[in-house]
file work-v3.txt (compact mmCIF, C-alpha atoms)
# COMPACT_ATOMS: atom_id res chain seq x y z
CA MET A 1 115.28 87.92 117.90
CA LYS A 2 112.42 87.33 120.33
CA PRO A 3 109.27 85.58 119.05
CA SER A 4 107.17 88.69 119.67
CA LEU A 5 109.53 90.73 117.55
CA LEU A 6 109.58 88.08 114.87
CA LEU A 7 105.83 88.49 114.65
CA ALA A 8 106.11 92.28 114.63
CA ALA A 9 108.59 92.16 111.77
CA ALA A 10 106.45 89.70 109.84
CA LEU A 11 103.40 91.92 110.11
CA ALA A 12 105.10 95.26 109.55
CA LEU A 13 103.53 95.93 106.15
CA PRO A 14 99.98 94.73 106.97
CA GLN A 15 99.97 96.70 110.24
CA LEU A 16 100.95 99.83 108.37
CA VAL A 17 97.82 99.81 106.26
CA GLN A 18 95.55 98.43 108.97
CA ALA A 19 96.48 101.27 111.29
CA GLN A 20 95.41 103.75 108.65
CA ALA A 21 92.16 101.89 108.15
CA ALA A 22 91.24 102.13 111.83
CA THR A 23 90.21 105.76 111.44
CA GLN A 24 88.03 105.13 108.39
CA PRO A 25 84.46 103.83 108.30
CA ALA A 26 83.84 100.39 106.84
CA ARG A 27 83.39 100.87 103.13
CA HIS A 28 83.79 99.24 99.76
CA GLU A 29 83.00 95.76 101.12
CA SER A 30 82.03 94.50 97.68
CA LEU A 31 85.23 95.95 96.23
CA LYS A 32 87.28 94.22 98.90
CA GLN A 33 85.67 90.93 97.94
CA GLU A 34 86.52 91.56 94.29
CA ILE A 35 90.12 92.32 95.28
CA ARG A 36 90.39 89.05 97.20
CA LEU A 37 89.07 87.08 94.24
CA ALA A 38 91.47 88.82 91.86
CA TYR A 39 94.30 88.26 94.32
CA ASP A 40 93.66 84.52 94.39
CA ARG A 41 93.66 84.42 90.60
CA GLY A 42 96.93 86.33 90.53
CA LEU A 43 98.52 83.95 93.01
CA ALA A 44 97.33 80.99 90.94
CA PHE A 45 99.20 82.47 87.98
CA LEU A 46 102.37 83.00 90.05
CA ARG A 47 102.05 79.46 91.38
CA SER A 48 102.09 78.18 87.81
CA GLN A 49 105.27 80.14 87.07
CA GLN A 50 107.38 79.00 90.00
CA ASN A 51 110.18 76.54 89.35
CA ALA A 52 109.03 73.58 91.42
CA ALA A 53 112.56 72.28 91.88
CA THR A 54 114.36 75.49 92.92
CA GLY A 55 111.56 77.78 94.17
CA GLN A 56 112.71 80.49 91.74
CA TRP A 57 110.51 82.93 89.88
CA GLY A 58 111.71 84.72 86.75
CA ASP A 59 114.89 84.52 84.74
CA ALA A 60 115.84 88.13 84.06
CA GLU A 61 116.36 89.01 87.75
CA PRO A 62 115.66 85.78 89.64
CA VAL A 63 116.45 87.06 93.15
CA ALA A 64 114.42 90.28 92.80
CA PHE A 65 111.49 88.60 91.06
CA THR A 66 111.46 85.76 93.59
CA GLY A 67 111.45 88.30 96.41
CA LEU A 68 108.50 90.16 94.91
CA ALA A 69 106.53 86.99 94.19
CA ALA A 70 107.17 85.49 97.65
CA ALA A 71 106.06 88.79 99.24
CA SER A 72 102.84 88.60 97.20
CA PHE A 73 101.99 85.26 98.82
CA LEU A 74 102.94 86.50 102.29
CA LEU A 75 100.74 89.61 102.00
CA HIS A 76 97.56 87.79 100.97
CA PRO A 77 94.67 89.94 102.30
CA GLU A 78 93.19 87.01 104.21
CA ARG A 79 96.39 85.66 105.72
CA GLN A 80 96.02 85.77 109.48
CA PRO A 81 98.69 87.10 111.86
CA GLY A 82 101.06 84.34 112.83
CA ALA A 83 99.78 81.97 110.14
CA ALA A 84 102.20 79.57 108.52
CA ALA A 85 103.78 80.84 105.33
CA PRO A 86 102.40 79.39 102.11
CA ALA A 87 104.54 76.60 100.68
CA GLU A 88 105.31 78.73 97.60
CA ALA A 89 106.73 81.49 99.78
CA GLU A 90 108.80 79.00 101.79
CA LYS A 91 110.31 77.64 98.56
CA GLY A 92 110.99 81.16 97.28
CA ILE A 93 112.74 82.16 100.50
CA ALA A 94 114.85 79.01 100.37
CA PHE A 95 115.94 80.10 96.88
CA LEU A 96 116.86 83.57 98.19
CA LEU A 97 118.95 82.08 100.98
CA LYS A 98 120.97 80.09 98.44
CA HIS A 99 122.12 83.39 96.92
CA VAL A 100 123.46 85.06 100.04
CA GLN A 101 126.94 86.32 99.10
CA PRO A 102 130.03 86.62 101.32
CA ASP A 103 129.58 90.42 101.39
CA GLY A 104 126.10 90.02 102.91
CA GLY A 105 124.20 90.90 99.76
CA ILE A 106 121.60 88.62 98.21
CA TYR A 107 122.10 88.57 94.46
CA VAL A 108 123.52 86.54 91.60
CA LYS A 109 126.04 88.81 89.89
CA ALA A 110 124.79 92.27 89.01
CA ARG A 111 122.38 94.91 90.40
CA ALA A 112 123.29 93.93 93.92
CA ASN A 113 121.35 96.65 95.74
CA TYR A 114 118.14 96.14 93.75
CA ASN A 115 118.14 92.39 94.37
CA THR A 116 119.21 92.55 98.01
CA SER A 117 116.60 95.17 98.90
CA LEU A 118 113.73 93.14 97.46
CA ALA A 119 115.04 89.89 98.94
CA LEU A 120 115.31 91.47 102.40
CA MET A 121 111.73 92.72 102.16
CA ALA A 122 110.53 89.14 101.57
CA LEU A 123 112.63 87.79 104.45
CA LEU A 124 111.25 90.45 106.79
CA LEU A 125 107.71 89.31 106.01
CA HIS A 126 108.57 85.78 107.15
CA PRO A 127 111.43 86.19 109.62
CA LYS A 128 112.95 83.18 111.33
CA LEU A 129 115.48 83.07 114.12
CA GLU A 130 117.88 81.07 111.99
CA ASN A 131 117.78 83.80 109.30
CA GLU A 132 118.38 86.72 111.64
CA GLN A 133 122.09 87.06 110.84
CA VAL A 134 121.33 86.86 107.11
CA MET A 135 118.85 89.71 107.44
CA LEU A 136 121.22 91.82 109.55
CA ALA A 137 124.02 91.23 107.04
CA ALA A 138 121.72 92.23 104.16
CA ARG A 139 120.81 95.39 106.07
CA ARG A 140 124.49 96.23 106.52
CA PHE A 141 125.14 95.52 102.85
CA ILE A 142 122.40 97.93 101.72
CA ILE A 143 123.74 100.64 104.02
CA GLY A 144 127.15 100.09 102.45
CA GLN A 145 125.67 100.84 99.03
CA GLN A 146 125.09 104.50 99.91
CA ASN A 147 127.38 106.86 98.02
CA ASP A 148 129.84 108.80 100.15
CA PHE A 149 132.16 110.66 97.82
CA ASP A 150 134.91 112.57 99.52
CA GLU A 151 136.87 113.78 96.53
CA PRO A 152 139.74 116.20 97.14
CA GLY A 153 138.86 119.65 95.89
CA LYS A 154 135.29 118.69 95.07
CA THR A 155 132.11 119.36 97.02
CA ASP A 156 128.41 118.81 96.57
CA ASN A 157 128.55 115.77 94.32
CA PRO A 158 124.86 115.47 93.32
CA PHE A 159 125.00 111.66 93.68
CA ASP A 160 126.26 111.78 97.25
CA GLY A 161 123.86 110.10 99.69
CA GLY A 162 122.03 108.17 96.99
CA VAL A 163 122.08 104.50 96.04
CA GLY A 164 122.51 102.92 92.62
CA TYR A 165 122.25 99.38 91.30
CA GLY A 166 125.44 98.24 92.98
CA THR A 167 128.53 99.27 94.89
CA PRO A 168 130.54 102.00 93.08
CA LYS A 169 133.89 100.70 91.88
CA PRO A 170 137.15 102.53 91.13
CA GLY A 171 137.16 104.02 87.67
CA ILE A 172 133.38 103.90 87.31
CA PRO A 173 131.68 107.32 87.35
CA ALA A 174 129.64 108.18 90.42
CA HIS A 175 125.96 107.46 89.97
CA ALA A 176 122.77 106.88 91.92
CA ASP A 177 119.10 106.95 91.02
CA LEU A 178 115.85 107.52 92.84
CA SER A 179 114.34 104.13 92.01
CA ASN A 180 117.17 102.15 93.62
CA THR A 181 117.35 104.64 96.48
CA HIS A 182 113.64 104.12 97.22
CA PHE A 183 114.00 100.32 97.24
CA ALA A 184 116.98 100.57 99.60
CA LEU A 185 115.23 103.02 101.93
CA GLU A 186 112.12 100.84 101.97
CA ALA A 187 114.05 97.74 103.03
CA LEU A 188 115.92 99.69 105.72
CA TYR A 189 112.70 101.28 106.99
CA TYR A 190 111.17 97.90 107.76
CA ALA A 191 114.47 96.31 108.83
CA GLU A 192 114.56 98.58 111.89
CA SER A 193 112.43 95.87 113.55
CA LEU A 194 115.56 93.69 113.57
CA LEU A 195 117.26 96.04 116.03
CA ALA A 196 114.38 96.50 118.44
CA ASP A 197 115.40 93.77 120.88
CA LYS A 198 119.15 94.26 120.78
CA GLY A 199 119.54 97.09 123.29
CA ASP A 200 123.06 98.51 123.31
CA ALA A 201 124.16 95.89 120.78
CA GLY A 202 121.71 97.36 118.29
CA LYS A 203 123.38 100.73 118.69
CA ASN A 204 126.55 99.21 117.26
CA GLU A 205 124.82 98.32 114.02
CA PRO A 206 125.61 100.77 111.19
CA GLN A 207 123.08 103.41 110.24
CA LEU A 208 122.40 105.06 106.94
CA ASN A 209 123.36 108.72 106.62
CA TYR A 210 119.77 109.92 106.36
CA ALA A 211 120.70 113.59 106.04
CA ALA A 212 122.77 112.73 102.98
CA ALA A 213 119.94 110.56 101.62
CA ILE A 214 117.46 113.42 101.96
CA GLN A 215 119.89 115.71 100.19
CA PHE A 216 120.14 113.25 97.30
CA ILE A 217 116.36 112.89 97.12
CA GLN A 218 115.86 116.65 96.88
CA ASN A 219 118.64 116.73 94.26
CA CYS A 220 116.15 114.81 92.08
CA GLN A 221 113.18 117.10 92.78
CA ASN A 222 111.99 119.91 90.52
CA ARG A 223 111.80 122.47 93.32
CA PRO A 224 113.98 125.56 92.88
CA GLU A 225 113.85 126.46 96.59
CA THR A 226 115.84 123.38 97.55
CA ASN A 227 117.50 122.38 94.27
CA LYS A 228 119.73 124.91 92.55
CA ALA A 229 120.92 122.64 89.73
CA GLY A 230 120.85 124.11 86.25
CA TRP A 231 118.42 121.49 84.92
CA VAL A 232 115.65 122.33 87.41
CA SER A 233 112.45 123.39 85.66
CA THR A 234 110.73 126.65 86.55
CA ASP A 235 107.55 125.54 84.78
CA ALA A 236 104.63 125.20 87.19
CA LYS A 237 103.74 121.93 85.44
CA ASP A 238 106.93 120.35 86.78
CA ARG A 239 107.06 121.93 90.21
CA GLY A 240 107.40 119.42 93.04
CA GLY A 241 107.74 116.35 90.83
CA PHE A 242 110.84 114.22 90.42
CA ILE A 243 113.27 112.98 87.81
CA TYR A 244 115.16 109.67 87.77
CA SER A 245 118.60 110.93 88.75
CA PRO A 246 120.27 114.34 89.02
CA GLY A 247 120.46 115.64 85.47
CA GLU A 248 118.85 112.51 84.00
CA THR A 249 115.15 112.20 83.30
CA ARG A 250 113.02 109.77 81.37
CA GLY A 251 110.23 112.27 80.99
CA GLY A 252 111.92 114.48 78.42
CA GLU A 253 113.18 118.02 78.28
CA THR A 254 111.61 121.45 78.13
CA GLN A 255 112.96 124.87 77.25
CA THR A 256 112.67 127.64 79.83
CA PRO A 257 111.95 131.29 78.90
CA ASP A 258 115.58 132.15 79.62
CA GLY A 259 116.80 129.55 77.11
CA ARG A 260 117.86 126.85 79.53
CA THR A 261 117.14 123.17 78.95
CA ALA A 262 115.14 121.89 81.93
CA LEU A 263 114.02 118.35 82.75
CA ARG A 264 110.38 117.34 83.11
CA SER A 265 108.93 115.58 86.13
CA TYR A 266 107.18 112.27 85.58
CA GLY A 267 104.75 110.05 87.46
CA SER A 268 106.27 106.80 88.71
CA ILE A 269 109.50 108.36 89.92
CA SER A 270 107.56 111.12 91.68
CA TYR A 271 105.83 108.46 93.77
CA ALA A 272 109.27 106.93 94.42
CA GLY A 273 110.38 110.38 95.58
CA LEU A 274 107.40 110.65 97.94
CA LEU A 275 108.19 107.21 99.37
CA SER A 276 111.86 108.06 99.74
CA PHE A 277 111.16 111.23 101.71
CA ILE A 278 108.83 109.36 104.06
CA TYR A 279 111.16 106.40 104.55
CA ALA A 280 113.95 108.90 105.30
CA GLY A 281 111.89 110.46 108.09
CA LEU A 282 110.09 113.49 106.60
CA ASP A 283 106.39 113.97 107.34
CA LYS A 284 103.56 115.43 105.29
CA ALA A 285 104.04 118.89 106.78
CA ASP A 286 107.46 119.23 105.19
CA PRO A 287 107.26 121.60 102.20
CA ARG A 288 109.22 119.16 100.01
CA VAL A 289 106.67 116.45 100.71
CA GLN A 290 103.80 118.86 100.19
CA ALA A 291 105.29 119.91 96.86
CA VAL A 292 105.36 116.36 95.49
CA LEU A 293 101.87 115.63 96.83
CA ASP A 294 100.63 118.73 94.99
CA TRP A 295 102.29 117.56 91.78
CA LEU A 296 100.83 114.07 92.12
CA SER A 297 97.35 115.47 92.72
CA GLU A 298 97.54 117.81 89.75
CA ASN A 299 98.83 115.05 87.48
CA TYR A 300 96.63 112.23 88.73
CA THR A 301 95.61 109.77 86.05
CA LEU A 302 95.32 106.02 85.68
CA ASP A 303 95.42 106.10 81.89
CA GLU A 304 99.19 106.51 81.69
CA ASN A 305 102.38 107.03 83.62
CA PRO A 306 102.42 110.85 83.46
CA GLY A 307 105.26 111.96 81.24
CA LEU A 308 106.02 108.44 79.98
CA GLY A 309 102.74 107.13 78.62
CA ALA A 310 102.61 103.33 78.76
CA GLU A 311 106.26 102.94 79.73
CA GLY A 312 106.69 101.85 83.34
CA LEU A 313 102.91 101.92 83.84
CA PHE A 314 102.76 99.02 86.30
CA TYR A 315 105.67 100.35 88.33
CA TYR A 316 103.64 103.57 88.44
CA TYR A 317 100.57 101.79 89.81
CA HIS A 318 102.75 99.94 92.32
CA THR A 319 104.51 103.03 93.67
CA MET A 320 101.21 104.95 93.70
CA ALA A 321 99.58 102.39 96.00
CA LYS A 322 102.60 102.28 98.31
CA GLY A 323 103.14 106.03 98.35
CA LEU A 324 99.59 107.19 98.99
CA ALA A 325 98.95 104.43 101.54
CA ILE A 326 102.01 105.14 103.66
CA ALA A 327 101.39 108.91 103.42
CA GLY A 328 97.88 108.36 104.79
CA ILE A 329 96.21 110.06 101.82
CA ASP A 330 92.49 109.23 101.49
CA PHE A 331 91.49 111.54 98.64
CA LEU A 332 93.24 113.47 95.89
CA LYS A 333 91.95 116.72 94.45
CA THR A 334 92.77 117.01 90.76
CA LYS A 335 93.57 120.20 88.90
CA ASP A 336 90.03 120.30 87.49
CA GLY A 337 88.55 120.21 91.00
CA ARG A 338 87.49 116.54 91.16
CA VAL A 339 87.95 114.72 94.47
CA ILE A 340 89.24 111.20 93.84
CA ASP A 341 88.94 108.21 96.16
CA TRP A 342 92.21 106.85 94.81
CA ARG A 343 91.89 103.44 96.48
CA ALA A 344 88.57 102.62 94.82
CA ASP A 345 89.70 104.18 91.55
CA LEU A 346 93.03 102.35 91.39
CA ALA A 347 91.55 99.03 92.52
CA ALA A 348 88.89 99.16 89.83
CA LYS A 349 91.53 99.94 87.21
CA LEU A 350 93.73 97.04 88.25
CA LEU A 351 90.82 94.60 88.35
CA ASN A 352 89.90 95.59 84.80
CA LEU A 353 93.46 95.07 83.59
CA GLN A 354 93.80 91.55 84.96
CA ARG A 355 94.04 88.94 82.22
CA GLU A 356 92.04 85.73 81.98
CA ASP A 357 94.92 83.64 83.34
CA GLY A 358 95.14 85.88 86.42
CA SER A 359 98.22 87.78 85.30
CA TRP A 360 98.95 91.39 84.46
CA ALA A 361 101.36 92.54 81.76
CA ASN A 362 102.32 95.71 79.96
CA ASP A 363 102.21 95.54 76.17
CA THR A 364 105.03 98.10 76.29
CA GLY A 365 107.92 96.00 77.51
CA ARG A 366 110.39 98.63 78.67
CA TRP A 367 111.94 97.94 82.10
CA MET A 368 110.91 94.27 81.85
CA GLU A 369 107.20 95.06 82.17
CA SER A 370 106.31 92.46 79.55
CA ASP A 371 107.45 89.88 82.12
CA ARG A 372 104.21 88.74 83.75
CA VAL A 373 105.88 87.55 86.94
CA LEU A 374 107.18 91.06 87.58
CA THR A 375 103.99 92.94 86.70
CA THR A 376 101.69 90.45 88.42
CA SER A 377 103.75 90.74 91.60
CA TYR A 378 103.64 94.54 91.34
CA MET A 379 99.86 94.48 91.05
CA LEU A 380 99.27 92.01 93.85
CA LEU A 381 101.42 94.04 96.22
CA ALA A 382 99.49 97.16 95.20
CA LEU A 383 96.15 95.41 95.80
CA ALA A 384 97.36 94.18 99.21
CA ARG A 385 97.98 97.76 100.31
CA ILE A 386 94.67 98.97 98.90
CA HIS A 387 92.70 96.15 100.53
CA GLY A 388 94.35 96.67 103.92
CA SER A 389 93.55 100.38 103.99
CA LEU A 390 89.99 100.34 102.62
call {"tool": "encode", "arguments": {"input": "work-v3.txt", "output": "structure tokens"}}
result
Amino acid sequence: MKPSLLLAAALALPQLVQAQAATQPARHESLKQEIRLAYDRGLAFLRSQQNAATGQWGDAEPVAFTGLAAASFLLHPERQPGAAAPAEAEKGIAFLLKHVQPDGGIYVKARANYNTSLALMALLLHPKLENEQVMLAARRFIIGQQNDFDEPGKTDNPFDGGVGYGTPKPGIPAHADLSNTHFALEALYYAESLLADKGDAGKNEPQLNYAAAIQFIQNCQNRPETNKAGWVSTDAKDRGGFIYSPGETRGGETQTPDGRTALRSYGSISYAGLLSFIYAGLDKADPRVQAVLDWLSENYTLDENPGLGAEGLFYYYHTMAKGLAIAGIDFLKTKDGRVIDWRADLAAKLLNLQREDGSWANDTGRWMESDRVLTTSYMLLALARIHGSL
């Protein structure tokens, strides 16, 4: 990989938000200063939680948590292009490299896609020539996680094209979910920088089946025009939003007038759906993207994860910041007619939730959100995107 492309890969995420900021007037300077101060406090907390000997963060999912924490250091709002990586990030990346598996994945034992996707994101933010083959192998591994079921006599498997926690194995039922699919698509979206200097050789690298991925994504969307599954809600309150996996929601059920049991859309996974569509190549003009943007506007709140209350609240904030930033959304119009500057609104909320020790945590611990390394990393990455696009 050429040095210029190393730099391009390293700055992929900051450039994304800076490019959006170029068309906006300078604003919220005092808020940006508050974000930087909060960011430093958050990094101080993460610094205190890193294993000094191994570079690891977290115990529940050490590769994924280390990837998220290292990325938080690398995306510091004041880190200059080309600057040396912070020592904490260097140690974290060294830990990730120790867990590269023979199949190209980066994980310990389980949840191979989840861990590899987050590890690759961290490596892409601090790419080195000596790690190029590791990153390419991780990219190939993630592509290999995509479901491709060709079962005799069966068609239209709703999980086809999606990605789950790990490679499907014989005898294990087919499954995929939108959260893992969004993490995989995100890593692959930014990993395209790895192929930019390879010419014809790059053409020989495998590619995801994006048409199949888009089909899976819309298989999770409450939109009757493009999803004919029996669980799809016809209630206007659900229209355009997403559920976790085809036929499986965490937002509950609702009864339709014709007696069917339909599944409710909910907040965090609807942002994951928005991100997935964009990473897969759809733009804002696509009616499927417009439908989820409409749902997100109509259900905008920072008081809860719509449909789930406090559960997954910090994942919700995290995917909100990523989704609205990459979609280039400046303002949201709520169902009661208010126009919301979501960046200022979300930043203020996150600043108020930061604890005295610099961390963030969810008192509702589902999906590991009581783990302060995970939630603090989520919030720092959200603040990095907000700061870069203000």
call {"tool": "atom_distance", "arguments": {"input": "work-v3.txt", "atom1": "CA of Asp371 (chain A)", "atom2": "CA of Thr319 (chain A)"}}
result
17.7 Å
call {"tool": "closest_residue", "arguments": {"input": "work-v3.txt", "among": "A:Ala196, A:Ala71, A:Ala83, A:Ala38", "to": "Leu118 (chain A)", "atoms": "all atoms listed in the file"}}
result
A:Ala71
call {"tool": "atom_distance", "arguments": {"input": "work-v3.txt", "atom1": "CA of Arg239 (chain A)", "atom2": "CA of Ala213 (chain A)"}}
result
20.6 Å
call {"tool": "axis_aligned_box", "arguments": {"input": "work-v3.txt", "around": "region 46-51 of chain A", "padding_each_side": "5 Å", "output": "JSON"}}
result
{"center_x": 106.1, "center_y": 79.8, "center_z": 89.2, "size_x": 18.1, "size_y": 16.5, "size_z": 14.3}
call {"tool": "atom_distance", "arguments": {"input": "work-v3.txt", "atom1": "CA of Leu37 (chain A)", "atom2": "CA of Pro77 (chain A)"}}
result
10.2 Å
call {"tool": "residues_around", "arguments": {"input": "work-v3.txt", "residues": "Asn180 (chain A)", "least_positions_apart": "3", "cutoff": "12 Å", "atoms": "all atoms listed in the file", "output": "ChimeraX atom specification"}}
result
/A:111-118,142,145-146,162-167,175-177,183-187,213,217,244-245,269,272-273,275-276
call {"tool": "closest_atom_pairs", "arguments": {"input": "work-v3.txt", "of": "region 279-335 of chain A", "to": "region 344-363 of chain A", "cutoff": "12 Å", "atoms": "all atoms listed in the file", "output": "tab-separated table"}}
result
residue	atom	partner	partner_atom	distance
A:Tyr300	CA	A:Leu346	CA	10.8
A:Thr301	CA	A:Leu346	CA	9.5
A:Leu302	CA	A:Leu346	CA	7.2
A:Asp303	CA	A:Lys349	CA	9.0
A:Glu304	CA	A:Asn362	CA	11.4
A:Asn305	CA	A:Asn362	CA	11.9
A:Gly309	CA	A:Asn362	CA	11.5
A:Ala310	CA	A:Asn362	CA	7.7
A:Glu311	CA	A:Asn362	CA	8.2
A:Gly312	CA	A:Asn362	CA	8.3
A:Leu313	CA	A:Asn362	CA	7.3
A:Phe314	CA	A:Asn362	CA	7.2
A:Tyr315	CA	A:Asn362	CA	10.1
A:Tyr316	CA	A:Leu346	CA	11.1
A:Tyr317	CA	A:Leu346	CA	7.7
A:His318	CA	A:Leu346	CA	10.1
A:Thr319	CA	A:Leu346	CA	11.7
A:Met320	CA	A:Leu346	CA	8.9
A:Ala321	CA	A:Leu346	CA	8.0
A:Lys322	CA	A:Leu346	CA	11.8
A:Leu324	CA	A:Leu346	CA	11.1
A:Ala325	CA	A:Leu346	CA	11.9
A:Asp330	CA	A:Ala344	CA	10.2
A:Phe331	CA	A:Ala344	CA	10.1
A:Leu332	CA	A:Asp345	CA	10.8
call {"tool": "residues_around", "arguments": {"input": "work-v3.txt", "residues": "region 257-262 of chain A", "least_positions_apart": "5", "cutoff": "9 Å", "atoms": "all atoms listed in the file", "output": "list in words"}}
result
Gly230, Trp231, Val232, Ser233, Thr234, Asp235, Gly247 and Gly252 of chain A
call {"tool": "closest_residue", "arguments": {"input": "work-v3.txt", "among": "A:Asp341, A:Glu248, A:Glu90, A:Glu192", "to": "Tyr279 (chain A)", "atoms": "all atoms listed in the file"}}
result
A:Glu192
call {"tool": "closest_residue", "arguments": {"input": "work-v3.txt", "among": "A:Ala122, A:Glu205, A:Tyr190, A:Val373", "to": "Ala137 (chain A)", "atoms": "all atoms listed in the file"}}
result
A:Glu205
call {"tool": "closest_residue", "arguments": {"input": "work-v3.txt", "among": "A:Phe216, A:Trp57, A:Tyr271, A:Tyr266", "to": "Pro246 (chain A)", "atoms": "all atoms listed in the file"}}
result
A:Phe216
call {"tool": "closest_residue", "arguments": {"input": "work-v3.txt", "among": "A:Arg250, A:Gly104, A:Leu282, A:Gln133", "to": "Arg366 (chain A)", "atoms": "all atoms listed in the file"}}
result
A:Arg250
call {"tool": "residues_near_point", "arguments": {"input": "work-v3.txt", "point": "(107.5, 115.2, 93.7)", "cutoff": "8 Å", "atoms": "only C-alpha atoms", "output": "PyMOL selection string"}}
result
chain A and resi 221-222+239-242+265+270-271+273-274+288-289+291-296
call {"tool": "write_last_selection", "arguments": {"input": "work-v3.txt", "atoms": "C-alpha atoms", "output": "tab-separated table (two decimals), in the frame of the given file"}}
result
chain	number	residue	atom	x	y	z
A	221	GLN	CA	113.18	117.10	92.78
A	222	ASN	CA	111.99	119.91	90.52
A	239	ARG	CA	107.06	121.93	90.21
A	240	GLY	CA	107.40	119.42	93.04
A	241	GLY	CA	107.74	116.35	90.83
A	242	PHE	CA	110.84	114.22	90.42
A	265	SER	CA	108.93	115.58	86.13
A	270	SER	CA	107.56	111.12	91.68
A	271	TYR	CA	105.83	108.46	93.77
A	273	GLY	CA	110.38	110.38	95.58
A	274	LEU	CA	107.40	110.65	97.94
A	288	ARG	CA	109.22	119.16	100.01
A	289	VAL	CA	106.67	116.45	100.71
A	291	ALA	CA	105.29	119.91	96.86
A	292	VAL	CA	105.36	116.36	95.49
A	293	LEU	CA	101.87	115.63	96.83
A	294	ASP	CA	100.63	118.73	94.99
A	295	TRP	CA	102.29	117.56	91.78
A	296	LEU	CA	100.83	114.07	92.12
call {"tool": "decode", "arguments": {"input": "work-v3.txt", "residues": "region 130-135 of chain A", "atoms": "all heavy atoms", "output": "PDB file, in the first residue's frame"}}
result
ATOM      1  N   GLU A 130       3.107  -3.123   7.103  1.00  0.00           N
ATOM      2  CA  GLU A 130       3.319  -4.487   7.574  1.00  0.00           C
ATOM      3  C   GLU A 130       2.012  -5.181   7.979  1.00  0.00           C
ATOM      4  O   GLU A 130       1.980  -6.398   8.154  1.00  0.00           O
ATOM      5  CB  GLU A 130       4.302  -4.503   8.753  1.00  0.00           C
ATOM      6  CG  GLU A 130       3.844  -3.714   9.968  1.00  0.00           C
ATOM      7  CD  GLU A 130       4.433  -2.309  10.008  1.00  0.00           C
ATOM      8  OE1 GLU A 130       4.622  -1.727   8.923  1.00  0.00           O
ATOM      9  OE2 GLU A 130       4.689  -1.819  11.123  1.00  0.00           O
ATOM     10  N   ASN A 131       0.928  -4.409   8.124  1.00  0.00           N
ATOM     11  CA  ASN A 131      -0.371  -4.997   8.489  1.00  0.00           C
ATOM     12  C   ASN A 131      -1.315  -5.117   7.294  1.00  0.00           C
ATOM     13  O   ASN A 131      -2.464  -5.517   7.455  1.00  0.00           O
ATOM     14  CB  ASN A 131      -1.043  -4.162   9.573  1.00  0.00           C
ATOM     15  CG  ASN A 131      -0.271  -4.165  10.868  1.00  0.00           C
ATOM     16  OD1 ASN A 131       0.483  -5.101  11.146  1.00  0.00           O
ATOM     17  ND2 ASN A 131      -0.442  -3.123  11.665  1.00  0.00           N
ATOM     18  N   GLU A 132      -0.829  -4.772   6.115  1.00  0.00           N
ATOM     19  CA  GLU A 132      -1.714  -4.765   4.951  1.00  0.00           C
ATOM     20  C   GLU A 132      -2.327  -6.132   4.692  1.00  0.00           C
ATOM     21  O   GLU A 132      -3.537  -6.250   4.452  1.00  0.00           O
ATOM     22  CB  GLU A 132      -0.956  -4.291   3.713  1.00  0.00           C
ATOM     23  CG  GLU A 132      -1.835  -4.255   2.465  1.00  0.00           C
ATOM     24  CD  GLU A 132      -1.082  -3.770   1.239  1.00  0.00           C
ATOM     25  OE1 GLU A 132       0.152  -3.579   1.325  1.00  0.00           O
ATOM     26  OE2 GLU A 132      -1.722  -3.592   0.196  1.00  0.00           O
ATOM     27  N   GLN A 133      -1.523  -7.191   4.741  1.00  0.00           N
ATOM     28  CA  GLN A 133      -2.048  -8.528   4.465  1.00  0.00           C
ATOM     29  C   GLN A 133      -3.035  -8.970   5.537  1.00  0.00           C
ATOM     30  O   GLN A 133      -3.997  -9.685   5.252  1.00  0.00           O
ATOM     31  CB  GLN A 133      -0.902  -9.530   4.327  1.00  0.00           C
ATOM     32  CG  GLN A 133      -0.043  -9.312   3.088  1.00  0.00           C
ATOM     33  CD  GLN A 133      -0.867  -9.281   1.805  1.00  0.00           C
ATOM     34  OE1 GLN A 133      -1.727 -10.143   1.580  1.00  0.00           O
ATOM     35  NE2 GLN A 133      -0.617  -8.294   0.958  1.00  0.00           N
ATOM     36  N   VAL A 134      -2.810  -8.542   6.779  1.00  0.00           N
ATOM     37  CA  VAL A 134      -3.761  -8.843   7.855  1.00  0.00           C
ATOM     38  C   VAL A 134      -5.105  -8.192   7.557  1.00  0.00           C
ATOM     39  O   VAL A 134      -6.167  -8.823   7.697  1.00  0.00           O
ATOM     40  CB  VAL A 134      -3.211  -8.361   9.214  1.00  0.00           C
ATOM     41  CG1 VAL A 134      -4.299  -8.436  10.294  1.00  0.00           C
ATOM     42  CG2 VAL A 134      -2.016  -9.187   9.621  1.00  0.00           C
ATOM     43  N   MET A 135      -5.064  -6.935   7.129  1.00  0.00           N
ATOM     44  CA  MET A 135      -6.306  -6.226   6.836  1.00  0.00           C
ATOM     45  C   MET A 135      -7.022  -6.822   5.634  1.00  0.00           C
ATOM     46  O   MET A 135      -8.250  -6.975   5.627  1.00  0.00           O
ATOM     47  CB  MET A 135      -6.014  -4.738   6.631  1.00  0.00           C
ATOM     48  CG  MET A 135      -5.574  -4.031   7.900  1.00  0.00           C
ATOM     49  SD  MET A 135      -5.395  -2.234   7.713  1.00  0.00           S
ATOM     50  CE  MET A 135      -3.889  -2.124   6.753  1.00  0.00           C
TER      51      MET A 135
END
